[in-house]
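*Asks:* Supplied in structure tokens, the structure appears directly below.
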Amino acid sequence: MLNKSEPNNFSNYGGYVISDSLNLIFPNIEIKIKKVSEKVFSYVRKDAEENLSEIMIPTRSNDLHIELCPIRPINHPAKRTSYVYLDLETPIFLSEGSAATVFVRCPIEIGVFLIHDGRKDSLDWFTCDPTNSRFGLYGSPESGTLCKYSKSAIVESYDDSIPFVNAVLEINIQNELNEGYSVNKVVFPISDHSLYYKKSKAIINSVTAVLKKKLTIKILDVFPKHIQTDWTPSPTFEKTESVKRMDMGVD
Amino acid sequence: MALEWLQSLSDFEITGGLTLLSLLIGGIIMAVGVIIARTVKLLFTKYYAPKLPQDTAKNLGKLIYFGIIIISFLVFTSSTGVDLSGLLVAGGIFGIVIGFATQSVVSNLISGIFLMIEKPVKQGDSVEIFGQDISGTLLDISTFSVRIRRFDGTIIRVPNESFFTSNIRSLTSTPVRRSEVTVGIAYKEDIDGAISVIEKEIRSTMPFVLVIPKPEFRVVELADSSVNIEILVWHPREDWSEVAPNLLKVTKRALDHAGIEIPFPQRVIWKAKE
């Protein structure tokens, strides 16, 4: 599964073996990897504002093995939360007792992993859409939950992600209330979710959201659901931590 | 030989039934008590403390240690048959004298206990004490004082009583914080246009400013030379230093790029005809 960088086009996700040099081009981001001496490589990332980030990589072999893949969108501009707030551009109305399955776009970041001795270590990560990589607060300033915020469009299928900017997420929504409701946002801890990629597209484990009553409060109970796919799973570097699942209130 | 030596110790009476042997046994009890206390505290620190909040673990560790020491002392006094009633009477009188002399020490101790129970702030929180010009990171709450590392890197010790009775502002107990600046634009400028360019600049160049709640703009004053607009933005609590000091700079840049005038005070003087 080795890909070649295509000139005048964006590179693909996947594994790369570099013996001399390699240029990778993504929206707003350019990566140059070159051999500077025997068993030492230089990795330079340049963003749209010409900011440079350079890393020297000593290797055991003469080649450098890396993997580029989509990762969870919680590292840029800094790791502050594990929650994602998807603000649906179009609300979904569910009548009493009904259910629906929708595909929505969810932001991603891109991770660069160094492959050595059968291990994958995080070398670098970046976002191709820095102006939309922002935080939002779900709840009140005193007790709310800080989330990575994104406006989310509803799309038709898993193939509708914008390359290197977002992934497609399937949401199964059920209304167990005895009245109709509109769902206009979904908040969930993304640390429970795995990402998968194929060429320049990405998908993410789906979520099930159930509108129901907990005692006297109406909530949207959101929990992850593993998907079966032949797309390649992304490695992850974030420390696994258990994040409390939150009961979203219903507006 | 050893028995004879012990017998001689038991025969040697120091005062009111307290023999040298009972004093030796008491010493051994206290030594064993100290060893047990240290071992239990060590085991607690190693296996249970990491699962607890830092300050709770520290206080619980102290409680275990001194609790075992006190129990050892009580066993020691009961085994030696020492009558403490005389000591208590003397101690009572002595206590009154000492009490007056150490009023502030006791006050700090009691305040420390209440701080540990009430927990208005916890170790690692950023705090500000009103009226004392102290702000920084809370390092620990100990028996008599609180240590705070100020934002300039120096460490300040605040007596517990002073800390407990002060108005304490916690800067990190909520997930987000708000920062505000005020900027003035010329009377001839369009207020909505100015707000729009500032909002766009904040959105594109300040990644820590929250999208929700969105930045707020309030016209707060029609001042002598300018229309003053207050800008209020929310950000993660850890990122005050990324937002607050830069907000005014970003605002000025946005207005400069849009050619919007930030006026300086001007006074028109009319000279009366003679």
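Quick note on naming: the chains in the structure tokens go A, B, ... in the order shown, residues restart at 1 in each chain, and ligands are numbered from 1 in order of appearance.
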Neighbours of stretch 49-61 of chain B within 12 Å (only C-alpha atoms; same-chain residues fewer than 2 positions away dropped), as a VMD selection string?
*Replies:* chain B and resid 37 to 47 63 to 68 112 to 113 115 to 119 121 to 125 138 to 143 146
*Asks:* DSSP on the backbone, then: every residue of stretch 29-221 of chain B marked helix (DSSP H, G or I), written as number ranges by chain.
*Replies:* B: 29-51, 54-80, 85-101, 103-118, 160-164, 191-205
*Asks:* Go through A:Lys198, A:Leu22, A:Gly118, A:Arg105 and flag the residue nearest A:Glu156, using only C-alpha atoms for the distances.
*Replies:*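 Among the listed residues, the smallest separation from A:Glu156 belongs to A:Arg105.
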*Asks:* Per residue of chain A within 10 Å of chain B, which atom pair is closest and at what distance in Å (one decimal), using only C-alpha atoms, listed by chain and increasing number, as JSON lines?
*Replies:*
```
{"residue": "A:His76", "atom": "CA", "partner": "B:Pro207", "partner_atom": "CA", "distance": 8.7}
{"residue": "A:Pro77", "atom": "CA", "partner": "B:Pro207", "partner_atom": "CA", "distance": 6.4}
{"residue": "A:Ala78", "atom": "CA", "partner": "B:Phe208", "partner_atom": "CA", "distance": 8.6}
{"residue": "A:Arg80", "atom": "CA", "partner": "B:Pro236", "partner_atom": "CA", "distance": 7.7}
{"residue": "A:Thr81", "atom": "CA", "partner": "B:Pro236", "partner_atom": "CA", "distance": 9.7}
{"residue": "A:Pro130", "atom": "CA", "partner": "B:Pro207", "partner_atom": "CA", "distance": 8.1}
{"residue": "A:Thr131", "atom": "CA", "partner": "B:Ser204", "partner_atom": "CA", "distance": 5.5}
{"residue": "A:Asn132", "atom": "CA", "partner": "B:Ser204", "partner_atom": "CA", "distance": 8.3}
{"residue": "A:Ser133", "atom": "CA", "partner": "B:Pro207", "partner_atom": "CA", "distance": 7.2}
{"residue": "A:Arg134", "atom": "CA", "partner": "B:Pro207", "partner_atom": "CA", "distance": 5.9}
{"residue": "A:Phe135", "atom": "CA", "partner": "B:Leu210", "partner_atom": "CA", "distance": 5.0}
{"residue": "A:Gly136", "atom": "CA", "partner": "B:Ile212", "partner_atom": "CA", "distance": 4.5}
{"residue": "A:Leu137", "atom": "CA", "partner": "B:Ile212", "partner_atom": "CA", "distance": 5.6}
{"residue": "A:Tyr138", "atom": "CA", "partner": "B:Ile212", "partner_atom": "CA", "distance": 7.8}
{"residue": "A:Gly139", "atom": "CA", "partner": "B:Pro213", "partner_atom": "CA", "distance": 9.6}
{"residue": "A:Ser140", "atom": "CA", "partner": "B:Pro213", "partner_atom": "CA", "distance": 9.3}
{"residue": "A:Pro141", "atom": "CA", "partner": "B:Val176", "partner_atom": "CA", "distance": 6.0}
{"residue": "A:Glu142", "atom": "CA", "partner": "B:Thr174", "partner_atom": "CA", "distance": 5.2}
{"residue": "A:Ser143", "atom": "CA", "partner": "B:Thr174", "partner_atom": "CA", "distance": 6.5}
{"residue": "A:Gly144", "atom": "CA", "partner": "B:Pro175", "partner_atom": "CA", "distance": 6.9}
{"residue": "A:Thr145", "atom": "CA", "partner": "B:Pro175", "partner_atom": "CA", "distance": 6.9}
{"residue": "A:Leu146", "atom": "CA", "partner": "B:Pro175", "partner_atom": "CA", "distance": 6.4}
{"residue": "A:Cys147", "atom": "CA", "partner": "B:Leu210", "partner_atom": "CA", "distance": 9.5}
{"residue": "A:Lys148", "atom": "CA", "partner": "B:Leu210", "partner_atom": "CA", "distance": 9.3}
{"residue": "A:Tyr149", "atom": "CA", "partner": "B:Val211", "partner_atom": "CA", "distance": 7.3}
{"residue": "A:Ser150", "atom": "CA", "partner": "B:Val211", "partner_atom": "CA", "distance": 9.0}
```
*Asks:* Output the selection as a PDB file, in the first residue's frame - N, CA and C atoms for each residue.
*Replies:*
```pdb
ATOM      1  N   HIS A  76      -5.775  20.750  17.307  1.00  0.00           N
ATOM      2  CA  HIS A  76      -5.504  22.105  16.827  1.00  0.00           C
ATOM      3  C   HIS A  76      -6.574  23.063  17.319  1.00  0.00           C
ATOM      4  N   PRO A  77      -6.284  24.229  17.824  1.00  0.00           N
ATOM      5  CA  PRO A  77      -4.948  24.810  18.026  1.00  0.00           C
ATOM      6  C   PRO A  77      -4.215  24.243  19.238  1.00  0.00           C
ATOM      7  N   ALA A  78      -4.944  23.589  20.146  1.00  0.00           N
ATOM      8  CA  ALA A  78      -4.314  22.913  21.285  1.00  0.00           C
ATOM      9  C   ALA A  78      -5.313  21.897  21.818  1.00  0.00           C
ATOM     10  N   ARG A  80      -7.617  20.631  24.173  1.00  0.00           N
ATOM     11  CA  ARG A  80      -8.343  21.182  25.315  1.00  0.00           C
ATOM     12  C   ARG A  80      -9.553  20.332  25.698  1.00  0.00           C
ATOM     13  N   THR A  81      -9.998  19.495  24.777  1.00  0.00           N
ATOM     14  CA  THR A  81     -11.228  18.742  25.026  1.00  0.00           C
ATOM     15  C   THR A  81     -11.244  17.475  24.177  1.00  0.00           C
ATOM     16  N   PRO A 130      -7.465  25.551   9.065  1.00  0.00           N
ATOM     17  CA  PRO A 130      -7.231  26.146  10.383  1.00  0.00           C
ATOM     18  C   PRO A 130      -8.247  27.213  10.779  1.00  0.00           C
ATOM     19  N   THR A 131      -8.821  27.920   9.794  1.00  0.00           N
ATOM     20  CA  THR A 131      -9.761  29.000  10.160  1.00  0.00           C
ATOM     21  C   THR A 131     -11.085  28.458  10.696  1.00  0.00           C
ATOM     22  N   ASN A 132     -11.365  27.186  10.417  1.00  0.00           N
ATOM     23  CA  ASN A 132     -12.606  26.611  10.949  1.00  0.00           C
ATOM     24  C   ASN A 132     -12.354  25.630  12.081  1.00  0.00           C
ATOM     25  N   SER A 133     -11.124  25.578  12.565  1.00  0.00           N
ATOM     26  CA  SER A 133     -10.807  24.695  13.688  1.00  0.00           C
ATOM     27  C   SER A 133     -10.947  25.519  14.969  1.00  0.00           C
ATOM     28  N   ARG A 134     -12.141  25.549  15.499  1.00  0.00           N
ATOM     29  CA  ARG A 134     -12.463  26.438  16.619  1.00  0.00           C
ATOM     30  C   ARG A 134     -13.199  25.696  17.734  1.00  0.00           C
ATOM     31  N   PHE A 135     -13.230  26.359  18.910  1.00  0.00           N
ATOM     32  CA  PHE A 135     -13.926  25.785  20.051  1.00  0.00           C
ATOM     33  C   PHE A 135     -15.321  26.383  20.192  1.00  0.00           C
ATOM     34  N   GLY A 136     -16.177  25.627  20.856  1.00  0.00           N
ATOM     35  CA  GLY A 136     -17.512  26.122  21.197  1.00  0.00           C
ATOM     36  C   GLY A 136     -17.892  25.561  22.552  1.00  0.00           C
ATOM     37  N   LEU A 137     -18.811  26.210  23.203  1.00  0.00           N
ATOM     38  CA  LEU A 137     -19.221  25.753  24.529  1.00  0.00           C
ATOM     39  C   LEU A 137     -20.630  25.184  24.440  1.00  0.00           C
ATOM     40  N   TYR A 138     -20.789  23.983  24.950  1.00  0.00           N
ATOM     41  CA  TYR A 138     -22.127  23.415  25.049  1.00  0.00           C
ATOM     42  C   TYR A 138     -22.568  23.557  26.506  1.00  0.00           C
ATOM     43  N   GLY A 139     -23.607  24.322  26.743  1.00  0.00           N
ATOM     44  CA  GLY A 139     -24.075  24.535  28.111  1.00  0.00           C
ATOM     45  C   GLY A 139     -23.692  25.915  28.599  1.00  0.00           C
ATOM     46  N   SER A 140     -23.770  26.083  29.912  1.00  0.00           N
ATOM     47  CA  SER A 140     -23.519  27.405  30.490  1.00  0.00           C
ATOM     48  C   SER A 140     -22.033  27.597  30.776  1.00  0.00           C
ATOM     49  N   PRO A 141     -21.573  28.866  30.875  1.00  0.00           N
ATOM     50  CA  PRO A 141     -20.145  29.093  31.170  1.00  0.00           C
ATOM     51  C   PRO A 141     -19.695  28.505  32.507  1.00  0.00           C
ATOM     52  N   GLU A 142     -20.607  28.339  33.448  1.00  0.00           N
ATOM     53  CA  GLU A 142     -20.218  27.812  34.766  1.00  0.00           C
ATOM     54  C   GLU A 142     -20.010  26.299  34.729  1.00  0.00           C
ATOM     55  N   SER A 143     -20.887  25.602  34.005  1.00  0.00           N
ATOM     56  CA  SER A 143     -20.823  24.139  34.091  1.00  0.00           C
ATOM     57  C   SER A 143     -20.914  23.449  32.740  1.00  0.00           C
ATOM     58  N   GLY A 144     -20.729  24.216  31.661  1.00  0.00           N
ATOM     59  CA  GLY A 144     -20.868  23.623  30.330  1.00  0.00           C
ATOM     60  C   GLY A 144     -19.660  22.769  29.944  1.00  0.00           C
ATOM     61  N   THR A 145     -19.705  22.254  28.729  1.00  0.00           N
ATOM     62  CA  THR A 145     -18.629  21.401  28.228  1.00  0.00           C
ATOM     63  C   THR A 145     -17.964  22.080  27.042  1.00  0.00           C
ATOM     64  N   LEU A 146     -16.652  22.230  27.134  1.00  0.00           N
ATOM     65  CA  LEU A 146     -15.898  22.811  26.026  1.00  0.00           C
ATOM     66  C   LEU A 146     -15.780  21.765  24.922  1.00  0.00           C
ATOM     67  N   CYS A 147     -16.064  22.163  23.688  1.00  0.00           N
ATOM     68  CA  CYS A 147     -16.060  21.204  22.573  1.00  0.00           C
ATOM     69  C   CYS A 147     -15.305  21.804  21.381  1.00  0.00           C
ATOM     70  N   LYS A 148     -14.868  20.937  20.473  1.00  0.00           N
ATOM     71  CA  LYS A 148     -14.432  21.415  19.164  1.00  0.00           C
ATOM     72  C   LYS A 148     -15.715  21.625  18.365  1.00  0.00           C
ATOM     73  N   TYR A 149     -15.870  22.826  17.824  1.00  0.00           N
ATOM     74  CA  TYR A 149     -17.131  23.194  17.186  1.00  0.00           C
ATOM     75  C   TYR A 149     -17.000  23.141  15.670  1.00  0.00           C
ATOM     76  N   SER A 150     -18.063  22.665  15.037  1.00  0.00           N
ATOM     77  CA  SER A 150     -18.052  22.695  13.578  1.00  0.00           C
ATOM     78  C   SER A 150     -19.476  22.775  13.046  1.00  0.00           C
TER      79      SER A 150
END
```
*Asks:* Which value, in Å to one decimal, gives the distance between atom CA of A:Val36 and atom CA of A:Ser61?
*Replies:*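 Result for atom CA of A:Val36 versus atom CA of A:Ser61: 13.9 Å, one decimal.
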*Asks:* Run DSSP on the backbone and tell me which residues of stretch 103-157 of chain A come out as strand (DSSP E or B); list them as a ChimeraX atom specification.
*Replies:* /A:103-107,109-116,119-126,134-138,145-152,154-155
*Asks:* Those same residues, written as a CSV table (one decimal), in the first residue's frame with N, CA and C atoms?
*Replies:*
```csv
chain,number,residue,atom,x,y,z
A,103,PHE,N,-26.1,11.1,7.1
A,103,PHE,CA,-24.7,11.2,7.0
A,103,PHE,C,-24.3,12.7,7.2
A,104,VAL,N,-23.4,13.0,8.0
A,104,VAL,CA,-23.0,14.4,8.2
A,104,VAL,C,-21.5,14.5,8.1
A,105,ARG,N,-21.0,15.7,7.9
A,105,ARG,CA,-19.6,15.9,7.8
A,105,ARG,C,-19.1,16.2,9.2
A,106,CYS,N,-18.0,15.7,9.5
A,106,CYS,CA,-17.3,15.9,10.8
A,106,CYS,C,-15.9,16.3,10.6
A,107,PRO,N,-15.4,17.4,11.2
A,107,PRO,CA,-14.0,17.8,10.9
A,107,PRO,C,-13.0,16.8,11.3
A,109,GLU,N,-8.4,16.1,11.5
A,109,GLU,CA,-7.0,16.6,11.3
A,109,GLU,C,-6.2,15.5,10.7
A,110,ILE,N,-5.0,15.9,10.3
A,110,ILE,CA,-4.2,14.9,9.6
A,110,ILE,C,-3.0,14.5,10.4
A,111,GLY,N,-2.7,13.3,10.6
A,111,GLY,CA,-1.6,12.8,11.4
A,111,GLY,C,-0.5,12.2,10.5
A,112,VAL,N,0.7,12.5,10.9
A,112,VAL,CA,1.9,11.9,10.2
A,112,VAL,C,2.5,10.9,11.2
A,113,PHE,N,2.6,9.6,10.8
A,113,PHE,CA,3.1,8.6,11.8
A,113,PHE,C,4.4,8.1,11.2
A,114,LEU,N,5.4,7.9,12.0
A,114,LEU,CA,6.7,7.3,11.7
A,114,LEU,C,6.5,5.8,11.9
A,115,ILE,N,6.8,5.0,10.9
A,115,ILE,CA,6.7,3.5,11.1
A,115,ILE,C,8.1,2.9,11.3
A,116,HIS,N,8.2,2.2,12.4
A,116,HIS,CA,9.5,1.6,12.6
A,116,HIS,C,9.3,0.4,13.5
A,119,ARG,N,6.0,-0.5,14.7
A,119,ARG,CA,5.3,0.5,15.5
A,119,ARG,C,5.0,1.7,14.7
A,120,LYS,N,4.0,2.5,15.2
A,120,LYS,CA,3.6,3.7,14.5
A,120,LYS,C,3.7,4.8,15.6
A,121,ASP,N,4.7,5.7,15.4
A,121,ASP,CA,4.8,6.8,16.4
A,121,ASP,C,4.4,8.1,15.7
A,122,SER,N,3.7,9.0,16.5
A,122,SER,CA,3.2,10.2,16.0
A,122,SER,C,4.4,11.2,15.7
A,123,LEU,N,4.5,11.6,14.4
A,123,LEU,CA,5.6,12.5,14.1
A,123,LEU,C,5.1,13.9,14.0
A,124,ASP,N,3.9,14.1,13.5
A,124,ASP,CA,3.4,15.5,13.3
A,124,ASP,C,1.9,15.4,13.1
A,125,TRP,N,1.2,16.5,13.3
A,125,TRP,CA,-0.2,16.5,12.9
A,125,TRP,C,-0.5,18.0,12.5
A,126,PHE,N,-1.5,18.1,11.7
A,126,PHE,CA,-1.9,19.5,11.3
A,126,PHE,C,-3.3,19.5,10.8
A,134,ARG,N,-12.1,25.5,15.5
A,134,ARG,CA,-12.5,26.4,16.6
A,134,ARG,C,-13.2,25.7,17.7
A,135,PHE,N,-13.2,26.4,18.9
A,135,PHE,CA,-13.9,25.8,20.1
A,135,PHE,C,-15.3,26.4,20.2
A,136,GLY,N,-16.2,25.6,20.9
A,136,GLY,CA,-17.5,26.1,21.2
A,136,GLY,C,-17.9,25.6,22.6
A,137,LEU,N,-18.8,26.2,23.2
A,137,LEU,CA,-19.2,25.8,24.5
A,137,LEU,C,-20.6,25.2,24.4
A,138,TYR,N,-20.8,24.0,24.9
A,138,TYR,CA,-22.1,23.4,25.0
A,138,TYR,C,-22.6,23.6,26.5
A,145,THR,N,-19.7,22.3,28.7
A,145,THR,CA,-18.6,21.4,28.2
A,145,THR,C,-18.0,22.1,27.0
A,146,LEU,N,-16.7,22.2,27.1
A,146,LEU,CA,-15.9,22.8,26.0
A,146,LEU,C,-15.8,21.8,24.9
A,147,CYS,N,-16.1,22.2,23.7
A,147,CYS,CA,-16.1,21.2,22.6
A,147,CYS,C,-15.3,21.8,21.4
A,148,LYS,N,-14.9,20.9,20.5
A,148,LYS,CA,-14.4,21.4,19.2
A,148,LYS,C,-15.7,21.6,18.4
A,149,TYR,N,-15.9,22.8,17.8
A,149,TYR,CA,-17.1,23.2,17.2
A,149,TYR,C,-17.0,23.1,15.7
A,150,SER,N,-18.1,22.7,15.0
A,150,SER,CA,-18.1,22.7,13.6
A,150,SER,C,-19.5,22.8,13.0
A,151,LYS,N,-19.6,23.6,12.0
A,151,LYS,CA,-20.9,23.6,11.3
A,151,LYS,C,-20.9,22.3,10.5
A,152,SER,N,-22.0,21.6,10.4
A,152,SER,CA,-22.0,20.3,9.8
A,152,SER,C,-23.1,20.2,8.7
A,154,ILE,N,-25.4,18.1,6.0
A,154,ILE,CA,-25.9,16.7,5.8
A,154,ILE,C,-25.6,16.3,4.4
A,155,VAL,N,-25.0,15.1,4.2
A,155,VAL,CA,-24.6,14.6,2.9
A,155,VAL,C,-25.3,13.3,2.6
```
*Asks:* Would you list the contacts of B:Val32 as a list in words, taking every protein, DNA or RNA residue within 12 Å and counting only C-alpha atoms, but skipping same-chain residues closer than 3 positions in sequence?
*Replies:*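 After dropping sequence-adjacent residues, the list is Ile25, Gly26, Gly27, Ile28, Ile29, Ile35, Ile36, Ala37, Arg38, Thr39, Ile68, Ile69, Ile71, Ser72, Phe73, Val75 and Phe76 of chain B.
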*Asks:* For the residues in that selection, give me all heavy atoms as a tab-separated table (two decimals), in the first residue's frame.
*Replies:*
```tsv
chain	number	residue	atom	x	y	z
B	25	ILE	N	9.30	0.28	78.00
B	25	ILE	CA	8.22	-0.36	77.20
B	25	ILE	C	7.47	0.72	76.41
B	25	ILE	O	7.15	0.55	75.22
B	25	ILE	CB	7.26	-1.14	78.12
B	25	ILE	CG1	8.00	-2.35	78.72
B	25	ILE	CG2	6.01	-1.60	77.36
B	25	ILE	CD1	7.28	-3.05	79.84
B	26	GLY	N	7.20	1.85	77.09
B	26	GLY	CA	6.52	2.96	76.43
B	26	GLY	C	7.30	3.47	75.24
B	26	GLY	O	6.74	3.73	74.18
B	27	GLY	N	8.62	3.58	75.41
B	27	GLY	CA	9.50	4.03	74.33
B	27	GLY	C	9.42	3.09	73.14
B	27	GLY	O	9.34	3.52	71.97
B	28	ILE	N	9.41	1.77	73.46
B	28	ILE	CA	9.33	0.76	72.38
B	28	ILE	C	7.98	0.89	71.66
B	28	ILE	O	7.90	0.86	70.43
B	28	ILE	CB	9.52	-0.67	72.96
B	28	ILE	CG1	10.97	-0.84	73.44
B	28	ILE	CG2	9.18	-1.74	71.91
B	28	ILE	CD1	11.22	-2.06	74.29
B	29	ILE	N	6.90	1.08	72.46
B	29	ILE	CA	5.56	1.23	71.85
B	29	ILE	C	5.53	2.44	70.91
B	29	ILE	O	5.04	2.36	69.78
B	29	ILE	CB	4.48	1.38	72.96
B	29	ILE	CG1	4.29	0.05	73.69
B	29	ILE	CG2	3.14	1.85	72.37
B	29	ILE	CD1	3.46	0.13	74.95
B	35	ILE	N	7.08	3.64	63.40
B	35	ILE	CA	7.40	2.79	62.23
B	35	ILE	C	6.13	2.39	61.49
B	35	ILE	O	6.05	2.47	60.26
B	35	ILE	CB	8.21	1.54	62.69
B	35	ILE	CG1	9.59	1.97	63.19
B	35	ILE	CG2	8.34	0.52	61.56
B	35	ILE	CD1	10.35	0.91	63.95
B	36	ILE	N	5.10	1.98	62.26
B	36	ILE	CA	3.83	1.58	61.63
B	36	ILE	C	3.22	2.78	60.89
B	36	ILE	O	2.77	2.66	59.74
B	36	ILE	CB	2.83	1.04	62.69
B	36	ILE	CG1	3.33	-0.31	63.22
B	36	ILE	CG2	1.43	0.87	62.09
B	36	ILE	CD1	2.56	-0.84	64.41
B	37	ALA	N	3.25	3.95	61.56
B	37	ALA	CA	2.67	5.16	60.94
B	37	ALA	C	3.36	5.47	59.61
B	37	ALA	O	2.70	5.75	58.61
B	37	ALA	CB	2.80	6.34	61.90
B	38	ARG	N	4.69	5.40	59.63
B	38	ARG	CA	5.44	5.71	58.40
B	38	ARG	C	5.15	4.69	57.31
B	38	ARG	O	5.00	5.03	56.14
B	38	ARG	CB	6.94	5.75	58.70
B	38	ARG	CG	7.31	7.00	59.46
B	38	ARG	CD	8.77	7.22	59.49
B	38	ARG	NE	9.07	8.51	60.10
B	38	ARG	CZ	10.24	9.09	60.07
B	38	ARG	NH1	11.25	8.50	59.47
B	38	ARG	NH2	10.43	10.25	60.64
B	39	THR	N	5.09	3.39	57.71
B	39	THR	CA	4.85	2.33	56.72
B	39	THR	C	3.46	2.49	56.10
B	39	THR	O	3.30	2.41	54.88
B	39	THR	CB	4.98	0.94	57.39
B	39	THR	OG1	6.18	0.91	58.14
B	39	THR	CG2	4.95	-0.17	56.38
B	68	ILE	N	-2.12	7.48	63.91
B	68	ILE	CA	-1.40	6.32	64.45
B	68	ILE	C	-0.47	6.75	65.58
B	68	ILE	O	-0.36	6.08	66.61
B	68	ILE	CB	-0.65	5.56	63.34
B	68	ILE	CG1	-1.65	4.96	62.34
B	68	ILE	CG2	0.24	4.45	63.92
B	68	ILE	CD1	-1.05	4.36	61.11
B	69	ILE	N	0.19	7.90	65.42
B	69	ILE	CA	1.09	8.41	66.47
B	69	ILE	C	0.30	8.69	67.76
B	69	ILE	O	0.73	8.31	68.86
B	69	ILE	CB	1.79	9.72	65.99
B	69	ILE	CG1	2.67	9.46	64.76
B	69	ILE	CG2	2.59	10.38	67.13
B	69	ILE	CD1	3.98	8.80	65.01
B	71	ILE	N	-2.60	7.35	68.65
B	71	ILE	CA	-3.03	6.05	69.22
B	71	ILE	C	-1.87	5.41	69.98
B	71	ILE	O	-2.03	4.90	71.11
B	71	ILE	CB	-3.58	5.12	68.11
B	71	ILE	CG1	-4.91	5.66	67.59
B	71	ILE	CG2	-3.76	3.69	68.63
B	71	ILE	CD1	-5.39	5.03	66.31
B	72	SER	N	-0.66	5.47	69.40
B	72	SER	CA	0.53	4.91	70.06
B	72	SER	C	0.77	5.60	71.39
B	72	SER	O	1.09	4.97	72.40
B	72	SER	CB	1.78	5.08	69.18
B	72	SER	OG	1.53	4.59	67.93
B	73	PHE	N	0.60	6.92	71.39
B	73	PHE	CA	0.81	7.68	72.62
B	73	PHE	C	-0.19	7.28	73.71
B	73	PHE	O	0.15	7.13	74.88
B	73	PHE	CB	0.73	9.18	72.33
B	73	PHE	CG	1.01	10.06	73.52
B	73	PHE	CD1	2.31	10.15	74.03
B	73	PHE	CD2	0.00	10.75	74.16
B	73	PHE	CE1	2.58	10.95	75.14
B	73	PHE	CE2	0.26	11.55	75.27
B	73	PHE	CZ	1.55	11.64	75.76
B	75	VAL	N	-1.72	4.38	73.93
B	75	VAL	CA	-1.35	3.03	74.39
B	75	VAL	C	-0.18	3.14	75.37
B	75	VAL	O	-0.16	2.48	76.42
B	75	VAL	CB	-0.97	2.13	73.18
B	75	VAL	CG1	-0.39	0.79	73.64
B	75	VAL	CG2	-2.17	1.90	72.29
B	76	PHE	N	0.76	4.01	75.04
B	76	PHE	CA	1.93	4.22	75.90
B	76	PHE	C	1.51	4.71	77.29
B	76	PHE	O	1.93	4.18	78.31
B	76	PHE	CB	2.87	5.22	75.20
B	76	PHE	CG	3.84	5.93	76.11
B	76	PHE	CD1	4.81	5.21	76.80
B	76	PHE	CD2	3.79	7.30	76.28
B	76	PHE	CE1	5.71	5.87	77.63
B	76	PHE	CE2	4.68	7.96	77.11
B	76	PHE	CZ	5.64	7.23	77.79
```
*Asks:* Restricting the calculation to only C-alpha atoms: of A:Tyr181, A:Lys201, A:Glu30, A:Asn62, which residue gets closest to A:Ala48?
*Replies:*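 So, comparing all the options, the nearest one is A:Glu30.
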*Asks:* Which residues of stretch 152-186 of chain A have any atom within 10 Å of an atom in stretch 92-96 of chain A when counting only C-alpha atoms, and what is the closest pair of atoms for each, with the distance in Å to one decimal? Order the rows by chain and rising number and write it as JSON lines.
*Replies:*
```
{"residue": "A:Ile154", "atom": "CA", "partner": "A:Ile92", "partner_atom": "CA", "distance": 9.6}
{"residue": "A:Ile173", "atom": "CA", "partner": "A:Leu94", "partner_atom": "CA", "distance": 8.3}
{"residue": "A:Gln174", "atom": "CA", "partner": "A:Leu94", "partner_atom": "CA", "distance": 7.7}
{"residue": "A:Asn175", "atom": "CA", "partner": "A:Glu96", "partner_atom": "CA", "distance": 6.1}
{"residue": "A:Glu176", "atom": "CA", "partner": "A:Glu96", "partner_atom": "CA", "distance": 6.9}
{"residue": "A:Leu177", "atom": "CA", "partner": "A:Glu96", "partner_atom": "CA", "distance": 6.1}
{"residue": "A:Asn178", "atom": "CA", "partner": "A:Glu96", "partner_atom": "CA", "distance": 5.2}
{"residue": "A:Glu179", "atom": "CA", "partner": "A:Glu96", "partner_atom": "CA", "distance": 4.7}
{"residue": "A:Gly180", "atom": "CA", "partner": "A:Ser95", "partner_atom": "CA", "distance": 3.9}
{"residue": "A:Tyr181", "atom": "CA", "partner": "A:Leu94", "partner_atom": "CA", "distance": 5.4}
{"residue": "A:Ser182", "atom": "CA", "partner": "A:Phe93", "partner_atom": "CA", "distance": 4.1}
{"residue": "A:Val183", "atom": "CA", "partner": "A:Ile92", "partner_atom": "CA", "distance": 5.1}
{"residue": "A:Asn184", "atom": "CA", "partner": "A:Ile92", "partner_atom": "CA", "distance": 6.5}
{"residue": "A:Lys185", "atom": "CA", "partner": "A:Ile92", "partner_atom": "CA", "distance": 9.3}
```
